[in-house]
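Note sheet for the following structure.
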There are 2 protein chains.
Amino acid sequence: MEFKKFLQIESEEAWEKYIPTLSIDSVIFSFHQHSLHVLLLKMKDMDAWGLPGGYVEKTENVDQAAVRILKDRTGTENIYLHQFHTFGDRNRSEDAFSEYDDSIWYKQRFISIGYYALAEYSKVSLVIDEFSSTVEWHSIDNLPSFMMDHRAIFEKALLTLREQVNHHPIGYNLLPEKFTMPELQKLYEGILGKKLNRGNFYRKFLRYDILTKLDESRKGGAHKAPDLYSFDLEKYNNALKEGLKGGW
Amino acid sequence: MEFKKFLQIESEEAWEKYIPTLSIDSVIFSFHQHSLHVLLLKMKDMDAWGLPGGYVEKTENVDQAAVRILKDRTGTENIYLHQFHTFGDRNRSEDAFSEYDDSIWYKQRFISIGYYALAEYSKVSLVIDEFSSTVEWHSIDNLPSFMMDHRAIFEKALLTLREQVNHHPIGYNLLPEKFTMPELQKLYEGILGKKLNRGNFYRKFLRYDILTKLDESRKGGAHKAPDLYSFDLEKYNNALKEGLKGGW
DNA sequence: TCAAAAGTGTTGGCCCTACACCCATGC
DNA sequence: GCATGGGTGTAGGGCCAACACTTTTGA
């Protein structure tokens, strides 16, 4: 019963500090081991996994709250963050905390503002919170079962990412400073959920004229060593204003 | 002072009925007289104009609330409605109702969920509410000054419309059943904020293969009578799933 | 030397741009 | 008939898919 007691105490503080009825859920993406990953927490007294989230302090902007929550979980606030949808169905959180008293903060009806974040894998150090027993990256090709409507929130985030891939600096924020064409292509295939033609992808991206080819290649792997590239940030940002041309 | 008294009474009801801190603002678009219009209200004791809005009842879904609010203002609930952004800056509503007591409902800090609506002009009959002195369509090329952050909310709605023009049934919902190519083009030019080449627009849209050419033309105007078209709803919806191809 | 991955060449088709031309209508 | 706007023709270029070929690497 120790955890229940803890929740009771936290609950009292929450009513003082936060805007009621309102929460934030973050879908934090990263890219490593050839695939897109999403950050998930396992709650201490639940079987299912959930997205990292939090609440909005009475005196802070909603966007600031999202940054704060993200920093608490990843140790860094220098992460690309974008609001994508607000989830307001009446019953979306009603089955959680069913064994608790109705007056507990966590048992409210929450309207949740969804943010997606694009994190560079190597720069993130995962931080666990008091509510969770585990915090882990999960490949989006192999996800566990989610609590409440978090599956739908994740799906909506991925769909939004897909729609915005030509207008937002998605490649830049998910890849390390230096990367190869095959890595970039894998990232795009993960976001779009389909295979792309290798040669055509290669040339299409070069045609955008937003990459700098470096005088190095990725040694160490088997087979031919691929060239390394980085983004030309000025050209990249200019191109994104108009949107990268052509569909996927 | 009659209006102030009225607000006091409404305020007490509001605390009972609605989720606190949360509001909805709607950007209702229509198309007529060759240009995009947006529905605006003038508050009774303010100079500036505002977007129609409302609050979420404690027992309804947020999406349902948006439909209800829209119906109250337009007399119909058969309107395309889409959530586009949530506005949560701490100070966004702080200068409104400054001469009222802090305990009044309307003086809370509101986080507002923005919806855009696409209304067919001829099917809407404007309904005024008790807070407003005027309700009017305004051409987006000639807008008055707005209250609070409603200008930013409108801009964000228009930008979203622009980004989603290939994925959402925007033409279908803003035009009457039968329309001409020049009308369709004007609509697109209004949304995109730029002129398009006539002949190329014409052929590009025909190539989508989502229009039915009718055996009629729009008589009565000067010059050559343009052909009338309507959307082939089945083909249209299929095409939108993948998104209409090509940029603007 | 061989398989596999990376880089590059090639070809035909489609769409886009730009501009030009014809057609229909009200004045 | 003439100005105006609507419908259509056309030539050039760019992008794209598909596929094949060459190069580089580790085993």
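Ordering of the structure tokens sets the chain letters (A, B, ...), residue numbers begin anew at 1 in every chain, and ligands are numbered from 1 in the order given.
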Next on the checklist: Could you tell me which residues of chain D sit within 12 Å of chain B when counting only C-alpha atoms (C1' of nucleotides), and give me the result as a list in words?
Outcome noted: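 Taking only C-alpha atoms (C1' of nucleotides) into account, DC2, DA3, DT4, DG5, DG6, DG7, DT8, DG9 and DC15 of chain D sit within 12 Å of chain B.
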Writer output for current selection, N, CA and C atoms (P, O5', C5', C4', C3', O3' and C1' of nucleotides), as a CSV table (one decimal), in the first residue's frame:
chain,number,residue,atom,x,y,z
D,2,DC,P,-14.1,45.3,-84.5
D,2,DC,O5',-13.9,45.7,-83.0
D,2,DC,C5',-14.9,46.2,-82.2
D,2,DC,C4',-14.8,45.8,-80.7
D,2,DC,C3',-13.5,45.0,-80.4
D,2,DC,O3',-13.2,45.3,-79.1
D,2,DC,C1',-15.3,43.7,-79.8
D,3,DA,P,-11.7,45.7,-78.6
D,3,DA,O5',-11.8,45.6,-77.0
D,3,DA,C5',-12.9,46.3,-76.4
D,3,DA,C4',-13.4,45.4,-75.3
D,3,DA,C3',-12.4,44.7,-74.4
D,3,DA,O3',-12.8,44.9,-73.1
D,3,DA,C1',-13.9,43.1,-75.2
D,4,DT,P,-11.7,44.6,-71.9
D,4,DT,O5',-12.3,43.2,-71.3
D,4,DT,C5',-13.7,43.1,-71.0
D,4,DT,C4',-14.1,41.7,-70.7
D,4,DT,C3',-13.0,40.9,-70.0
D,4,DT,O3',-13.6,40.4,-68.8
D,4,DT,C1',-13.9,39.7,-71.9
D,5,DG,P,-12.7,39.9,-67.6
D,5,DG,O5',-13.1,38.3,-67.5
D,5,DG,C5',-14.4,38.0,-67.5
D,5,DG,C4',-14.6,36.7,-68.2
D,5,DG,C3',-13.8,35.5,-67.6
D,5,DG,O3',-14.6,34.5,-67.3
D,5,DG,C1',-13.6,35.5,-69.9
D,6,DG,P,-14.1,33.2,-66.5
D,6,DG,O5',-14.3,32.1,-67.7
D,6,DG,C5',-15.7,31.8,-68.1
D,6,DG,C4',-15.6,30.7,-69.2
D,6,DG,C3',-14.9,29.4,-68.8
D,6,DG,O3',-15.7,28.3,-69.3
D,6,DG,C1',-13.8,30.3,-70.7
D,7,DG,P,-15.3,26.9,-68.9
D,7,DG,O5',-14.5,26.4,-70.2
D,7,DG,C5',-15.2,25.9,-71.3
D,7,DG,C4',-14.2,25.6,-72.4
D,7,DG,C3',-13.3,24.4,-72.1
D,7,DG,O3',-13.5,23.4,-73.1
D,7,DG,C1',-12.1,26.1,-72.9
D,8,DT,P,-12.8,22.1,-73.1
D,8,DT,O5',-11.5,22.4,-73.9
D,8,DT,C5',-11.6,22.7,-75.3
D,8,DT,C4',-10.3,23.0,-75.9
D,8,DT,C3',-9.3,21.8,-75.8
D,8,DT,O3',-8.8,21.4,-77.1
D,8,DT,C1',-8.2,23.9,-75.3
D,9,DG,P,-7.8,20.3,-77.3
D,9,DG,O5',-6.5,21.0,-77.8
D,9,DG,C5',-6.6,21.9,-79.0
D,9,DG,C4',-5.3,22.4,-79.3
D,9,DG,C3',-4.2,21.3,-79.3
D,9,DG,O3',-3.3,21.5,-80.5
D,9,DG,C1',-3.6,23.1,-77.8
D,15,DC,P,13.6,18.8,-61.0
D,15,DC,O5',12.7,17.6,-60.6
D,15,DC,C5',11.3,17.8,-60.4
D,15,DC,C4',10.6,16.5,-60.5
D,15,DC,C3',11.2,15.4,-59.7
D,15,DC,O3',10.3,14.9,-58.8
D,15,DC,C1',10.8,14.7,-62.0
Checklist entry - Residues of chain A within 10 Å of chain B, using only C-alpha atoms, as number ranges by chain? => result A: 19-22, 56-65, 83-92, 109, 111, 113-114, 163-164, 167, 243-248
For chain C, report every residue with an atom at most 12 Å from chain A (counting only C-alpha atoms (C1' of nucleotides)), formatted as a PDB file with N, CA and C atoms (P, O5', C5', C4', C3', O3' and C1' of nucleotides), in the first residue's frame.
ATOM      1  P    DC C   2      34.236 -16.427 -57.914  1.00  0.00           P
ATOM      2  O5'  DC C   2      33.016 -16.405 -56.898  1.00  0.00           O
ATOM      3  C5'  DC C   2      33.308 -16.622 -55.505  1.00  0.00           C
ATOM      4  C4'  DC C   2      32.351 -15.853 -54.623  1.00  0.00           C
ATOM      5  C3'  DC C   2      31.167 -15.192 -55.341  1.00  0.00           C
ATOM      6  O3'  DC C   2      30.033 -15.351 -54.519  1.00  0.00           O
ATOM      7  C1'  DC C   2      32.317 -13.568 -54.116  1.00  0.00           C
ATOM      8  P    DA C   3      28.581 -15.337 -55.172  1.00  0.00           P
ATOM      9  O5'  DA C   3      27.713 -14.733 -53.978  1.00  0.00           O
ATOM     10  C5'  DA C   3      28.035 -15.106 -52.642  1.00  0.00           C
ATOM     11  C4'  DA C   3      27.709 -13.973 -51.708  1.00  0.00           C
ATOM     12  C3'  DA C   3      26.397 -13.248 -52.036  1.00  0.00           C
ATOM     13  O3'  DA C   3      25.755 -12.950 -50.807  1.00  0.00           O
ATOM     14  C1'  DA C   3      28.165 -11.688 -52.054  1.00  0.00           C
ATOM     15  P    DA C   4      24.225 -12.446 -50.799  1.00  0.00           P
ATOM     16  O5'  DA C   4      24.369 -10.982 -50.225  1.00  0.00           O
ATOM     17  C5'  DA C   4      25.216 -10.751 -49.097  1.00  0.00           C
ATOM     18  C4'  DA C   4      25.504  -9.287 -49.015  1.00  0.00           C
ATOM     19  C3'  DA C   4      24.298  -8.390 -49.328  1.00  0.00           C
ATOM     20  O3'  DA C   4      24.206  -7.404 -48.323  1.00  0.00           O
ATOM     21  C1'  DA C   4      26.153  -7.723 -50.595  1.00  0.00           C
ATOM     22  P    DA C   5      22.806  -6.592 -48.114  1.00  0.00           P
ATOM     23  O5'  DA C   5      23.279  -5.078 -48.105  1.00  0.00           O
ATOM     24  C5'  DA C   5      24.397  -4.716 -47.320  1.00  0.00           C
ATOM     25  C4'  DA C   5      25.100  -3.569 -47.988  1.00  0.00           C
ATOM     26  C3'  DA C   5      24.168  -2.410 -48.372  1.00  0.00           C
ATOM     27  O3'  DA C   5      24.662  -1.233 -47.772  1.00  0.00           O
ATOM     28  C1'  DA C   5      25.589  -2.991 -50.167  1.00  0.00           C
ATOM     29  P    DA C   6      23.947   0.187 -47.955  1.00  0.00           P
ATOM     30  O5'  DA C   6      24.892   0.893 -49.032  1.00  0.00           O
ATOM     31  C5'  DA C   6      26.248   1.154 -48.677  1.00  0.00           C
ATOM     32  C4'  DA C   6      26.934   1.881 -49.799  1.00  0.00           C
ATOM     33  C3'  DA C   6      26.235   3.164 -50.247  1.00  0.00           C
ATOM     34  O3'  DA C   6      27.237   4.156 -50.414  1.00  0.00           O
ATOM     35  C1'  DA C   6      26.489   1.709 -52.100  1.00  0.00           C
ATOM     36  P    DG C   7      26.798   5.673 -50.683  1.00  0.00           P
ATOM     37  O5'  DG C   7      26.961   5.739 -52.267  1.00  0.00           O
ATOM     38  C5'  DG C   7      28.272   5.776 -52.814  1.00  0.00           C
ATOM     39  C4'  DG C   7      28.184   5.671 -54.320  1.00  0.00           C
ATOM     40  C3'  DG C   7      27.437   6.809 -55.011  1.00  0.00           C
ATOM     41  O3'  DG C   7      28.323   7.422 -55.934  1.00  0.00           O
ATOM     42  C1'  DG C   7      26.790   4.704 -55.873  1.00  0.00           C
ATOM     43  P    DT C   8      27.865   8.684 -56.755  1.00  0.00           P
ATOM     44  O5'  DT C   8      27.353   8.015 -58.113  1.00  0.00           O
ATOM     45  C5'  DT C   8      28.280   7.315 -58.927  1.00  0.00           C
ATOM     46  C4'  DT C   8      27.603   6.812 -60.184  1.00  0.00           C
ATOM     47  C3'  DT C   8      26.825   7.866 -60.971  1.00  0.00           C
ATOM     48  O3'  DT C   8      27.283   7.841 -62.308  1.00  0.00           O
ATOM     49  C1'  DT C   8      25.553   5.918 -60.712  1.00  0.00           C
ATOM     50  P    DG C   9      26.831   8.962 -63.329  1.00  0.00           P
ATOM     51  O5'  DG C   9      26.196   8.067 -64.495  1.00  0.00           O
ATOM     52  C5'  DG C   9      26.641   6.743 -64.687  1.00  0.00           C
ATOM     53  C4'  DG C   9      25.822   6.053 -65.770  1.00  0.00           C
ATOM     54  C3'  DG C   9      25.096   6.968 -66.739  1.00  0.00           C
ATOM     55  O3'  DG C   9      25.162   6.379 -68.038  1.00  0.00           O
ATOM     56  C1'  DG C   9      23.506   5.619 -65.587  1.00  0.00           C
ATOM     57  P    DC C  15      -0.081  12.355 -65.073  1.00  0.00           P
ATOM     58  O5'  DC C  15       0.516  13.714 -64.516  1.00  0.00           O
ATOM     59  C5'  DC C  15       1.440  13.677 -63.430  1.00  0.00           C
ATOM     60  C4'  DC C  15       2.203  14.976 -63.393  1.00  0.00           C
ATOM     61  C3'  DC C  15       1.318  16.220 -63.514  1.00  0.00           C
ATOM     62  O3'  DC C  15       1.648  17.121 -62.486  1.00  0.00           O
ATOM     63  C1'  DC C  15       3.086  16.319 -65.067  1.00  0.00           C
ATOM     64  P    DC C  16       0.724  18.386 -62.196  1.00  0.00           P
ATOM     65  O5'  DC C  16       1.773  19.560 -62.076  1.00  0.00           O
ATOM     66  C5'  DC C  16       3.165  19.287 -62.014  1.00  0.00           C
ATOM     67  C4'  DC C  16       3.932  20.435 -62.639  1.00  0.00           C
ATOM     68  C3'  DC C  16       3.141  21.742 -62.719  1.00  0.00           C
ATOM     69  O3'  DC C  16       3.893  22.777 -62.126  1.00  0.00           O
ATOM     70  C1'  DC C  16       4.047  21.172 -64.861  1.00  0.00           C
TER      71       DC C  16
END
Checklist entry - What residues in range 41-96 of chain B get the DSSP label strand (DSSP E or B)? Please answer as a list in words. => result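 Selection result, strand (DSSP E or B) within range 41-96 of chain B: Leu41, Lys42, Met43, Trp49, Gly50, Gly53, Gly54, Tyr55, Val56, Glu57, Tyr80, Leu81, His82, Gln83, Phe84, His85, Thr86 and Phe87 of chain B.
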Checklist entry - Among range 86-213 of chain B, which ones does DSSP place in helix (DSSP H, G or I), written as a ChimeraX atom specification? => result /B:105-107,121-123,150-163,170-174,181-192,198-208
Based on the selection just made, write N, CA and C atoms of those residues as a CSV table (one decimal), in the first residue's frame.
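Listing of out-v2.csv after writing:
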chain,number,residue,atom,x,y,z
B,105,TRP,N,-16.8,33.7,-14.1
B,105,TRP,CA,-16.4,32.6,-14.9
B,105,TRP,C,-15.5,33.1,-16.1
B,106,TYR,N,-15.9,34.2,-16.7
B,106,TYR,CA,-15.3,34.7,-17.9
B,106,TYR,C,-13.9,35.2,-17.7
B,107,LYS,N,-13.5,35.4,-16.5
B,107,LYS,CA,-12.2,36.0,-16.2
B,107,LYS,C,-11.2,35.0,-15.9
B,121,TYR,N,-22.2,28.6,-47.8
B,121,TYR,CA,-22.8,29.9,-47.5
B,121,TYR,C,-24.3,29.9,-47.5
B,122,SER,N,-24.9,29.3,-48.6
B,122,SER,CA,-26.3,29.4,-48.7
B,122,SER,C,-27.1,28.6,-47.7
B,123,LYS,N,-26.4,27.7,-47.0
B,123,LYS,CA,-27.2,26.8,-46.1
B,123,LYS,C,-27.1,27.3,-44.6
B,150,HIS,N,-7.4,36.3,-31.0
B,150,HIS,CA,-8.2,35.7,-32.0
B,150,HIS,C,-7.7,35.9,-33.4
B,151,ARG,N,-6.9,36.9,-33.6
B,151,ARG,CA,-6.2,37.1,-34.9
B,151,ARG,C,-5.3,35.9,-35.2
B,152,ALA,N,-4.5,35.6,-34.2
B,152,ALA,CA,-3.5,34.4,-34.3
B,152,ALA,C,-4.3,33.1,-34.5
B,153,ILE,N,-5.4,33.0,-33.8
B,153,ILE,CA,-6.2,31.7,-34.0
B,153,ILE,C,-6.7,31.6,-35.4
B,154,PHE,N,-7.2,32.7,-36.0
B,154,PHE,CA,-7.6,32.7,-37.4
B,154,PHE,C,-6.5,32.4,-38.3
B,155,GLU,N,-5.3,33.0,-38.1
B,155,GLU,CA,-4.2,32.8,-39.0
B,155,GLU,C,-3.8,31.3,-39.0
B,156,LYS,N,-3.8,30.8,-37.8
B,156,LYS,CA,-3.4,29.4,-37.7
B,156,LYS,C,-4.4,28.5,-38.4
B,157,ALA,N,-5.6,28.8,-38.3
B,157,ALA,CA,-6.7,28.0,-39.0
B,157,ALA,C,-6.5,28.1,-40.5
B,158,LEU,N,-6.2,29.3,-41.0
B,158,LEU,CA,-6.0,29.4,-42.5
B,158,LEU,C,-4.8,28.7,-42.9
B,159,LEU,N,-3.7,28.7,-42.1
B,159,LEU,CA,-2.5,28.0,-42.5
B,159,LEU,C,-2.7,26.5,-42.5
B,160,THR,N,-3.5,26.0,-41.5
B,160,THR,CA,-3.8,24.6,-41.4
B,160,THR,C,-4.6,24.2,-42.7
B,161,LEU,N,-5.6,25.0,-43.0
B,161,LEU,CA,-6.4,24.8,-44.2
B,161,LEU,C,-5.5,24.6,-45.4
B,162,ARG,N,-4.5,25.5,-45.5
B,162,ARG,CA,-3.6,25.5,-46.6
B,162,ARG,C,-2.8,24.2,-46.7
B,163,GLU,N,-2.3,23.8,-45.5
B,163,GLU,CA,-1.5,22.5,-45.5
B,163,GLU,C,-2.4,21.3,-45.7
B,170,ILE,N,-12.1,20.0,-48.7
B,170,ILE,CA,-12.3,21.4,-48.5
B,170,ILE,C,-13.1,22.0,-49.6
B,171,GLY,N,-12.8,21.7,-50.9
B,171,GLY,CA,-13.7,22.2,-52.0
B,171,GLY,C,-15.1,21.7,-51.8
B,172,TYR,N,-15.3,20.5,-51.5
B,172,TYR,CA,-16.6,19.9,-51.4
B,172,TYR,C,-17.5,20.6,-50.4
B,173,ASN,N,-16.9,21.0,-49.3
B,173,ASN,CA,-17.7,21.5,-48.2
B,173,ASN,C,-17.9,23.0,-48.3
B,174,LEU,N,-17.1,23.7,-49.1
B,174,LEU,CA,-17.2,25.2,-49.2
B,174,LEU,C,-18.0,25.6,-50.4
B,181,MET,N,-15.5,25.9,-62.9
B,181,MET,CA,-14.1,25.8,-62.7
B,181,MET,C,-13.5,27.2,-62.2
B,182,PRO,N,-13.9,28.3,-62.7
B,182,PRO,CA,-13.4,29.6,-62.2
B,182,PRO,C,-13.8,29.7,-60.7
B,183,GLU,N,-14.9,29.3,-60.3
B,183,GLU,CA,-15.3,29.4,-58.9
B,183,GLU,C,-14.3,28.5,-58.0
B,184,LEU,N,-14.1,27.3,-58.5
B,184,LEU,CA,-13.2,26.4,-57.8
B,184,LEU,C,-11.8,27.0,-57.7
B,185,GLN,N,-11.4,27.6,-58.8
B,185,GLN,CA,-10.0,28.2,-58.8
B,185,GLN,C,-9.9,29.3,-57.8
B,186,LYS,N,-11.0,30.2,-57.8
B,186,LYS,CA,-11.0,31.3,-56.9
B,186,LYS,C,-10.9,30.8,-55.5
B,187,LEU,N,-11.6,29.8,-55.2
B,187,LEU,CA,-11.5,29.2,-53.8
B,187,LEU,C,-10.1,28.8,-53.5
B,188,TYR,N,-9.5,28.0,-54.4
B,188,TYR,CA,-8.1,27.6,-54.1
B,188,TYR,C,-7.2,28.8,-54.0
B,189,GLU,N,-7.4,29.8,-54.8
B,189,GLU,CA,-6.5,31.0,-54.7
B,189,GLU,C,-6.7,31.7,-53.4
B,190,GLY,N,-7.9,31.7,-52.9
B,190,GLY,CA,-8.2,32.3,-51.6
B,190,GLY,C,-7.5,31.5,-50.4
B,191,ILE,N,-7.6,30.2,-50.5
B,191,ILE,CA,-6.9,29.4,-49.5
B,191,ILE,C,-5.4,29.5,-49.5
B,192,LEU,N,-4.9,29.4,-50.7
B,192,LEU,CA,-3.4,29.4,-50.9
B,192,LEU,C,-2.8,30.8,-50.8
B,198,ARG,N,-4.6,29.6,-65.0
B,198,ARG,CA,-6.0,29.2,-65.3
B,198,ARG,C,-6.0,27.8,-66.1
B,199,GLY,N,-5.4,27.7,-67.2
B,199,GLY,CA,-5.4,26.5,-68.0
B,199,GLY,C,-4.8,25.3,-67.2
B,200,ASN,N,-3.7,25.5,-66.5
B,200,ASN,CA,-3.1,24.4,-65.8
B,200,ASN,C,-4.0,24.0,-64.6
B,201,PHE,N,-4.6,24.9,-63.9
B,201,PHE,CA,-5.5,24.6,-62.9
B,201,PHE,C,-6.6,23.7,-63.4
B,202,TYR,N,-7.2,24.1,-64.5
B,202,TYR,CA,-8.3,23.4,-65.1
B,202,TYR,C,-8.0,22.0,-65.4
B,203,ARG,N,-6.8,21.8,-66.1
B,203,ARG,CA,-6.4,20.4,-66.5
B,203,ARG,C,-6.0,19.6,-65.3
B,204,LYS,N,-5.3,20.2,-64.3
B,204,LYS,CA,-4.8,19.5,-63.2
B,204,LYS,C,-6.0,18.9,-62.4
B,205,PHE,N,-7.1,19.7,-62.3
B,205,PHE,CA,-8.2,19.3,-61.5
B,205,PHE,C,-9.0,18.2,-62.3
B,206,LEU,N,-9.1,18.3,-63.6
B,206,LEU,CA,-9.7,17.3,-64.4
B,206,LEU,C,-9.0,16.0,-64.3
B,207,ARG,N,-7.6,16.1,-64.3
B,207,ARG,CA,-6.8,14.9,-64.2
B,207,ARG,C,-7.0,14.1,-62.9
B,208,TYR,N,-7.4,14.8,-61.8
B,208,TYR,CA,-7.7,14.1,-60.6
B,208,TYR,C,-8.8,13.1,-60.8
Leaving out Gln8 in chain A and any residue of its chain fewer than 5 positions from it, which residues lie within 12 Å of it when counting only C-alpha atoms (C1' of nucleotides), given as an mmCIF file with N, CA and C atoms, in the first residue's frame?
data_model
loop_
_atom_site.group_PDB
_atom_site.id
_atom_site.type_symbol
_atom_site.label_atom_id
_atom_site.label_comp_id
_atom_site.auth_asym_id
_atom_site.auth_seq_id
_atom_site.Cartn_x
_atom_site.Cartn_y
_atom_site.Cartn_z
ATOM 1 N N MET A 1 0.821 -1.218 0.000
ATOM 2 C CA MET A 1 0.000 0.000 0.000
ATOM 3 C C MET A 1 0.852 1.265 0.000
ATOM 4 N N GLU A 2 2.140 1.114 -0.044
ATOM 5 C CA GLU A 2 2.991 2.295 0.034
ATOM 6 C C GLU A 2 2.772 3.236 -1.146
ATOM 7 N N PHE A 3 2.600 2.666 -2.314
ATOM 8 C CA PHE A 3 2.418 3.479 -3.520
ATOM 9 C C PHE A 3 1.098 4.247 -3.473
ATOM 10 N N GLU A 13 -1.003 17.909 -3.480
ATOM 11 C CA GLU A 13 -0.152 18.928 -4.091
ATOM 12 C C GLU A 13 -0.647 19.322 -5.472
ATOM 13 N N ALA A 14 -1.068 18.303 -6.211
ATOM 14 C CA ALA A 14 -1.485 18.543 -7.594
ATOM 15 C C ALA A 14 -2.647 19.516 -7.665
ATOM 16 N N TRP A 15 -3.631 19.329 -6.782
ATOM 17 C CA TRP A 15 -4.790 20.230 -6.815
ATOM 18 C C TRP A 15 -4.362 21.681 -6.602
ATOM 19 N N PHE A 97 -7.298 4.194 -12.447
ATOM 20 C CA PHE A 97 -7.410 4.510 -11.018
ATOM 21 C C PHE A 97 -8.793 4.158 -10.443
ATOM 22 N N TYR A 100 -9.423 3.859 -6.631
ATOM 23 C CA TYR A 100 -9.103 4.984 -5.758
ATOM 24 C C TYR A 100 -10.350 5.820 -5.473
ATOM 25 N N ASP A 101 -10.222 6.670 -4.501
ATOM 26 C CA ASP A 101 -11.309 7.558 -4.130
ATOM 27 C C ASP A 101 -11.537 8.594 -5.229
ATOM 28 N N ASP A 102 -12.804 8.976 -5.414
ATOM 29 C CA ASP A 102 -13.140 9.909 -6.481
ATOM 30 C C ASP A 102 -12.462 11.270 -6.335
ATOM 31 N N SER A 103 -12.056 11.593 -5.116
ATOM 32 C CA SER A 103 -11.488 12.928 -4.902
ATOM 33 C C SER A 103 -10.015 13.015 -5.307
ATOM 34 N N ILE A 104 -9.438 11.886 -5.690
ATOM 35 C CA ILE A 104 -8.027 11.902 -6.043
ATOM 36 C C ILE A 104 -7.834 12.625 -7.381
ATOM 37 N N TRP A 105 -6.760 13.402 -7.444
ATOM 38 C CA TRP A 105 -6.438 14.196 -8.640
ATOM 39 C C TRP A 105 -6.457 13.346 -9.897
ATOM 40 N N TYR A 106 -5.859 12.187 -9.834
ATOM 41 C CA TYR A 106 -5.621 11.374 -11.026
ATOM 42 C C TYR A 106 -6.903 10.778 -11.609
ATOM 43 N N LYS A 107 -7.985 10.854 -10.857
ATOM 44 C CA LYS A 107 -9.218 10.216 -11.301
ATOM 45 C C LYS A 107 -10.148 11.192 -12.025
#
Residues within 7 Å of His82 in chain A, only C-alpha atoms (C1' of nucleotides), excluding chain neighbours under 6 positions, as an mmCIF file with C-alpha atoms, in the first residue's frame:
data_model
loop_
_atom_site.group_PDB
_atom_site.id
_atom_site.type_symbol
_atom_site.label_atom_id
_atom_site.label_comp_id
_atom_site.auth_asym_id
_atom_site.auth_seq_id
_atom_site.Cartn_x
_atom_site.Cartn_y
_atom_site.Cartn_z
ATOM 1 C CA TYR A 115 2.873 16.777 -28.318
ATOM 2 C CA TYR A 116 5.314 14.853 -30.410
ATOM 3 C CA ALA A 117 9.030 15.211 -29.798
#
Item to check | Straight-line distance linking CA of Lys235 in chain B with CA of Asn197 in chain A, stated in Å to one decimal | outcome: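 Pair CA of Lys235 in chain B / CA of Asn197 in chain A returns 28.0 Å.
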Checklist entry - What's the 12 Å shell around Asp215 in chain A, counting only C-alpha atoms (C1' of nucleotides), without same-chain residues fewer than 2 positions away, as a list in words? => result Lys178, Thr212, Lys213, Ser217, Arg218, Pro226, Asp227, Leu228, Tyr229 and Ser230 of chain A
Checklist entry - CA of Lys42 in chain B and CA of Phe146 in chain B are how many Å apart? => result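 Computed distance, CA of Lys42 in chain B to CA of Phe146 in chain B, equals 9.3 Å.
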